[in-house]
Structures are given as structure tokens and as C-alpha cells.
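Asks: To start, I am sharing the structure in question, which I have written as C-alpha cells.
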Amino acid sequence: MASIQDLLSPASKATPIGPEAKKHDDSVEKTETAWFTIEFILDLICPYCYIGLRNLDIAIQTYKARHSEAVFEVTCSPFILNPLAARSAYDKANYLQHARVHSASQLAGLGRTVGIDFAGRGLTGNTRDAHKLLRFALESSPSTARSTTFARWRRRGPPADADAAAAVPTSAESPHAVGASSCSPGGDNLISTPAVVDGSGGDNNNNSSSSIVGSSQQQMQHRRGPDLQMRLARTLFRAHHELSDDISDREFLVSAAAGATGFAASEIRAVLSGGDDDDGDDGNDGGWGRAIDDLCAEVRGRRSGSGVPAVLAVPTLVVNDRYVIGGWQRAEWLVREFERIWAAGGEDRGGKGG
């Protein structure tokens with residue numbers, strides 16, 4: 001099992017990832033608008049990921065209070081801490097206890113500072129199914145395109161099919177794409193006005209499995225993307241860590257995902273389908289399991305400019321497809337990093353409209 005402990009201490013600086021990230025493109029137009037694409041690499045079962053997401057929300061809100069023109073887009077990517085875990089087989093209070101550096105009481109104190117009430121009640125298990133649903137909230141058919149790619153489509157228009165999706169350049173291929181923005185907010189094919197994460201978490205993170213009232217399935221299809229993905233992530237984080245819900249139980253996942261996304265339970269069950277021993281190879285889930293496995297392998301295989309692994313554990317943030325921030329960081333520290341990153345060039349700069 002990968003260690004959570006390795007990335008708990010605040011880093012002294014964000015680390016550039018990949019040799020191409022060091023290049024600079026002088027042709028990129030400088031604008032006053034600060035654009036941030038944030039890939040949040042997580043496992044829903046990790047308490048530090050939940051704390052880290054809350055701190056990220058607070059940091060975004062704080063930064064935007066100082067720079068009202070700033071645009072943040074956030075997506076998440078999978079990192080399964082225990083791929084061999086069974087479903088509904090472990091007591092929450094003890095699961096991953098050996099991997100934490102804080103006692104239960106210390107963790108509860110850390111949670112309270114950001115409005116999380118860690119409960120540790122009930123059963124838990126493998127998170128692969130939950131990651132399938134996070135991806136389903138992002139795209140209509142499974143692919144292995146990096147999650148930040150999807151936010152760029154919101155401003156440029158989506159490709160015609162999943163094969164075209166995989167061909168959209170990632171940071172290593174085009175780290176300075178003009179007008180490119182990544183990940184998070186609502187609406188589709190946003191050209192003039194990019195979607196913005198306001199840091200509040202949309203529903204203020206207070207409602208588990210909250211339903212979207214008055215939205216038809218077709219409307220919800222139009223809303224599939226980073227915004228919906230992060231909404232579902234917050235729902236599942238709260239259900240696992242603050243309530244007694246079992247994040248590895250498929251019936252719970254169907255109910256929670258249907259409530260948070262508005263998609264029909266039958267569609268969600270199809271994403272989760274497969275036998276109890278489903279390992280993603282039988283194809284019964286439409287390829288979602290295999291896509292998650294491939295995405296996890298891609299994340300674990302990333303290398304920094306010096307060739308060392310860039311992602312060792314969770315949570316990990318990748319800002320503007322370039323800067324890697326490991327471990328759960330306090331909101332004020334993240335704000336300073338955002339200031340430093342943008343002062344250094346920001347890299348992923350968007351235009352002032354269409």
C-alpha cells in the first residue's frame with residue numbers, strides 16, 4: 001500500500017514536473033487575469049485528502065478575494081491506496097490507521113479547523129467503484145485523457161469522440177497553450193466566459209447526496225464535466241468521513257451519485273456493473289474499471305524533471321500542469337504558492353474572452 005505519511009509535511013516550494021515544463025513560450029500573451037488549472041490527485045478514503053480539498057477551497061476563496069479576476073478550474077484524478085481491498089470488509093475506525101501520522105483525536109481536531117466532523121463509523125473498503133463514478137461525472141464514455149484536458153474543451157468545444165479526447169495535448173506536449181484553461185465549473189462549451197470555482201464548494205459542503213431539483217436528464221448531460229465531478233467528490237468525501245455510509249457499497253454509491261449528479265440510477269449501475277470479483281477485465285462495466293486502472297498507473301508513472309516519481313501518495317496537487325504540491329497544505333500556504341506561481345509566469349494563461 002502506498003504511504004500517506006510521505007507527503008504530510010508542507011513543501012518548501014511547488015516542484016515543476018517534467019522537462020518540458022521548464023520551457024518558456026514568449027509568444028503567450030500576458031494578461032491581468034490569473035488562470036489556475038488544478039488537478040487534485042486523491043483517494044476518497046484518505047482523510048488528508050478531504051482536509052486538503054477543504055483547504056484548497058478556502059485558499060481559492062481567499063485568493064479570489066484579493067484578485068477578483070482570478071479563474072480557478074479544478075478536477076480530480078484517481079490514486080487508489082489499496083487496490084486489493086475488498087468491499088465492505090473493514091471498520092472505518094481502524095482502516096488505514098497504520099498509515100496515519102495522527103491519532104483519531106488529533107485528526108478530529110484537524111478536521112474541525114476546516115468544518116469537518118470526522119466520525120469513523122461503519123464499514124468501508126475498495127474505492128475503485130467510487131473513482132469510476134467520479135470519472136463518469138467528468139465524461140460520457142471512459143477514456144484515459146488526463147482530467148485537466150476536459151476543462152479545456154469547455155472553452156474550445158468538445159472533440160467529436162473519445163479517441164479525439166485522448167489526442168488533446170497534455171502539459172508535456174503543450175504546456176503553454178494560448179487560451180487553455182482547465183477544470184472545474186458548470187455550463188458546457190464556455191467560450192466567452194470561463195467557468196469559475198468560487199472556493200465555496202457550491203453547496204457549502206453541507207449536503208450529502210444532495211439532489212439537483214428541476215433538472216432533466218438532458219440538462220444534466222450538458223453539465224457533465226469538472227464542476228459535476230467535484231460536486232460528487234465532495235458528496236462522497238462527506239458520506240465516508242462524516243456519516244456512516246460505506247463508500248465501497250454499490251447501492252450506496254448509486255443513491256449518492258444519482259442524488260449529486262441527477263443521472264438515472266440505471267446509468268450509474270451500468271458504470272458499476274460486474275461481478276463481485278470484477279477486476280475491470282470482463283468489460284461488463286463498459287470499460288470504466290479498466291480506464292481507472294490505466295489512469296492510476298499513469299499518475300503513479302509520472303516523473304519530475306530530475307526523473308524521480310512526481311506523485312508518491314495523496315493528496316497531491318498539480319497546478320497549471322506544471323507545479324506539484326505534495327501533501328495536505330494549509331490554506332494560507334496554498335495562497336502564498338498561488339501568488340508565487342503566478343508571479344513566476346503562471347504558465348497556463350487564458351485569454352480575455354472568446
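Going through the C-alpha cells in order, the chains are called A, B, and so on, while each chain numbers its residues from 1 and the ligands are numbered from 1 in the order shown.
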Among segment 35-144 of chain A, which ones does DSSP assign to strand (DSSP E or B) (computed from the backbone)? Answer as a ChimeraX atom specification.
Replies: /A:35-42,71-78,90-91,123-124
Asks: Would you save the residues of that selection, restricted to N, CA and C atoms, as a CSV table (one decimal), in the first residue's frame?
Replies:
chain,number,residue,atom,x,y,z
A,35,TRP,N,-4.9,32.7,-14.2
A,35,TRP,CA,-5.6,31.4,-14.5
A,35,TRP,C,-4.9,30.3,-13.8
A,36,PHE,N,-5.7,29.5,-13.1
A,36,PHE,CA,-5.1,28.3,-12.5
A,36,PHE,C,-5.9,27.1,-12.8
A,37,THR,N,-5.2,26.1,-13.3
A,37,THR,CA,-5.7,24.7,-13.5
A,37,THR,C,-5.2,23.9,-12.4
A,38,ILE,N,-6.0,23.2,-11.7
A,38,ILE,CA,-5.6,22.4,-10.5
A,38,ILE,C,-6.1,21.0,-10.7
A,39,GLU,N,-5.2,20.1,-10.8
A,39,GLU,CA,-5.5,18.6,-10.8
A,39,GLU,C,-5.3,18.1,-9.4
A,40,PHE,N,-6.4,17.7,-8.8
A,40,PHE,CA,-6.4,17.2,-7.4
A,40,PHE,C,-6.3,15.6,-7.4
A,41,ILE,N,-5.1,15.1,-7.1
A,41,ILE,CA,-4.9,13.6,-7.2
A,41,ILE,C,-5.3,13.1,-5.8
A,42,LEU,N,-6.2,12.2,-5.7
A,42,LEU,CA,-6.8,11.8,-4.4
A,42,LEU,C,-7.3,10.4,-4.4
A,71,VAL,N,-9.2,33.1,-12.1
A,71,VAL,CA,-10.0,32.0,-12.5
A,71,VAL,C,-9.4,30.7,-12.1
A,72,PHE,N,-10.1,29.8,-11.4
A,72,PHE,CA,-9.6,28.5,-11.0
A,72,PHE,C,-10.5,27.5,-11.6
A,73,GLU,N,-9.9,26.4,-12.1
A,73,GLU,CA,-10.6,25.3,-12.6
A,73,GLU,C,-10.0,24.0,-12.0
A,74,VAL,N,-10.8,23.2,-11.4
A,74,VAL,CA,-10.3,22.1,-10.6
A,74,VAL,C,-10.9,20.8,-11.1
A,75,THR,N,-10.1,19.8,-11.2
A,75,THR,CA,-10.6,18.4,-11.5
A,75,THR,C,-9.8,17.4,-10.6
A,76,CYS,N,-10.3,16.2,-10.5
A,76,CYS,CA,-9.6,15.2,-9.7
A,76,CYS,C,-9.2,14.0,-10.6
A,77,SER,N,-8.1,13.4,-10.1
A,77,SER,CA,-7.6,12.2,-10.8
A,77,SER,C,-7.4,11.1,-9.7
A,78,PRO,N,-7.6,9.8,-10.1
A,78,PRO,CA,-7.6,8.7,-9.1
A,78,PRO,C,-6.2,8.2,-8.7
A,90,TYR,N,-14.0,-3.7,6.1
A,90,TYR,CA,-13.1,-3.1,7.1
A,90,TYR,C,-13.9,-2.1,8.0
A,91,ASP,N,-13.5,-2.0,9.2
A,91,ASP,CA,-14.1,-1.0,10.1
A,91,ASP,C,-13.4,0.3,9.9
A,123,LEU,N,-18.7,0.6,8.0
A,123,LEU,CA,-17.7,-0.2,7.2
A,123,LEU,C,-17.2,0.6,6.0
A,124,THR,N,-16.1,0.1,5.4
A,124,THR,CA,-15.6,0.7,4.2
A,124,THR,C,-14.8,-0.4,3.5
Asks: Check the DSSP output for the backbone and give back, as an mmCIF file with C-alpha atoms, in the first residue's frame, the residues of segment 232-298 of chain A in alpha helix (DSSP H).
Replies:
data_model
loop_
_atom_site.group_PDB
_atom_site.id
_atom_site.type_symbol
_atom_site.label_atom_id
_atom_site.label_comp_id
_atom_site.auth_asym_id
_atom_site.auth_seq_id
_atom_site.Cartn_x
_atom_site.Cartn_y
_atom_site.Cartn_z
ATOM 1 C CA LEU A 232 -19.756 14.371 -6.463
ATOM 2 C CA ALA A 233 -16.325 14.189 -4.844
ATOM 3 C CA ARG A 234 -17.476 16.438 -2.013
ATOM 4 C CA THR A 235 -20.625 14.365 -1.561
ATOM 5 C CA LEU A 236 -18.652 11.125 -1.325
ATOM 6 C CA PHE A 237 -15.978 12.598 0.937
ATOM 7 C CA ARG A 238 -18.600 13.714 3.440
ATOM 8 C CA ALA A 239 -20.519 10.445 3.239
ATOM 9 C CA HIS A 240 -17.429 8.395 4.003
ATOM 10 C CA HIS A 241 -15.721 10.554 6.597
ATOM 11 C CA ARG A 250 -22.621 -0.187 -4.691
ATOM 12 C CA GLU A 251 -26.185 0.513 -3.584
ATOM 13 C CA PHE A 252 -24.987 3.487 -1.552
ATOM 14 C CA LEU A 253 -22.908 4.713 -4.487
ATOM 15 C CA VAL A 254 -25.898 4.502 -6.830
ATOM 16 C CA SER A 255 -28.042 6.524 -4.440
ATOM 17 C CA ALA A 256 -25.358 9.111 -3.670
ATOM 18 C CA ALA A 257 -24.298 9.600 -7.288
ATOM 19 C CA ALA A 258 -27.880 9.849 -8.541
ATOM 20 C CA GLY A 259 -28.615 12.500 -5.940
ATOM 21 C CA ALA A 260 -25.486 14.532 -6.577
ATOM 22 C CA THR A 261 -25.466 14.351 -10.381
ATOM 23 C CA ALA A 265 -29.801 5.093 -11.216
ATOM 24 C CA SER A 266 -29.802 2.678 -14.159
ATOM 25 C CA GLU A 267 -26.973 4.597 -15.855
ATOM 26 C CA ILE A 268 -24.945 4.631 -12.677
ATOM 27 C CA ARG A 269 -25.462 0.915 -12.099
ATOM 28 C CA ALA A 270 -24.189 0.264 -15.612
ATOM 29 C CA VAL A 271 -20.954 2.066 -14.733
ATOM 30 C CA LEU A 272 -20.586 -0.086 -11.620
ATOM 31 C CA TRP A 288 -14.797 2.275 -16.740
ATOM 32 C CA GLY A 289 -12.815 -0.037 -14.472
ATOM 33 C CA ARG A 290 -10.025 -0.511 -16.964
ATOM 34 C CA ALA A 291 -9.891 3.253 -17.554
ATOM 35 C CA ILE A 292 -9.495 3.870 -13.824
ATOM 36 C CA ASP A 293 -6.723 1.280 -13.604
ATOM 37 C CA ASP A 294 -4.904 2.915 -16.522
ATOM 38 C CA LEU A 295 -5.349 6.396 -15.064
ATOM 39 C CA CYS A 296 -3.980 5.257 -11.712
ATOM 40 C CA ALA A 297 -0.981 3.724 -13.455
ATOM 41 C CA GLU A 298 -0.407 6.947 -15.398
#
Asks: What's around Asp129 of chain A at 7 Å? Count only C-alpha atoms, leave out sequence neighbours fewer than 3 positions away in its own chain, and write the answer as a ChimeraX atom specification.
Replies: /A:132-133,248,272
Asks: Those same residues, written as a compact mmCIF listing (two decimals), in the first residue's frame with C-alpha atoms?
Replies:
# COMPACT_ATOMS: atom_id res chain seq x y z
CA LYS A 132 -15.42 5.13 -11.70
CA LEU A 133 -18.30 7.44 -10.79
CA SER A 248 -17.46 0.67 -1.27
CA LEU A 272 -20.59 -0.09 -11.62
Asks: Which one of A:Glu242, A:Arg146, A:Arg322, A:Ile247 sits closest to Gly345 of chain A if you count only C-alpha atoms?
Replies: A:Arg322
Asks: Using atom CA of Ile51 of chain A and atom CA of Val114 of chain A as the two end points, give the distance in Å to one decimal.
Replies: 7.1 Å
Asks: Which residues are near Trp328 of chain A? Cut-off 7 Å, only C-alpha atoms, ignore same chain within fewer than 3 positions. Put them as a CSV table (one decimal) with C-alpha atoms, in the first residue's frame.
Replies:
chain,number,residue,atom,x,y,z
A,8,LEU,CA,2.1,15.3,5.0
A,48,TYR,CA,-5.9,14.0,4.5
A,49,CYS,CA,-7.4,14.3,1.0
A,51,ILE,CA,-8.8,18.1,4.6
A,52,GLY,CA,-6.7,19.1,1.7
A,315,PRO,CA,-3.2,14.2,-1.7
Asks: One decimal, in Å: what's the spacing between atom CA of Glu332 of chain A and atom CA of Ala59 of chain A?
Replies: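 About the pair atom CA of Glu332 of chain A and atom CA of Ala59 of chain A: they are 6.4 Å apart.
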Asks: I'd like to know which of A:Ser304, A:Ser273, A:Ser244, A:Asn55 is closest to Thr113 of chain A, using only C-alpha atoms.
Replies: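 Closest candidate: A:Asn55.
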Asks: Between A:Asp227, A:Asp245, A:Asp117, A:Asp57, which is the closest to Thr148 of chain A once you count only C-alpha atoms?
Replies: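 Among the listed residues, A:Asp227 lies closest to Thr148 of chain A.
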Asks: Determine the nearest neighbour of Arg100 of chain A from the options A:Leu243, A:Gly327, A:Trp342, A:Cys46, counting only C-alpha atoms.
Replies: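 Nearest to Arg100 of chain A: A:Cys46.
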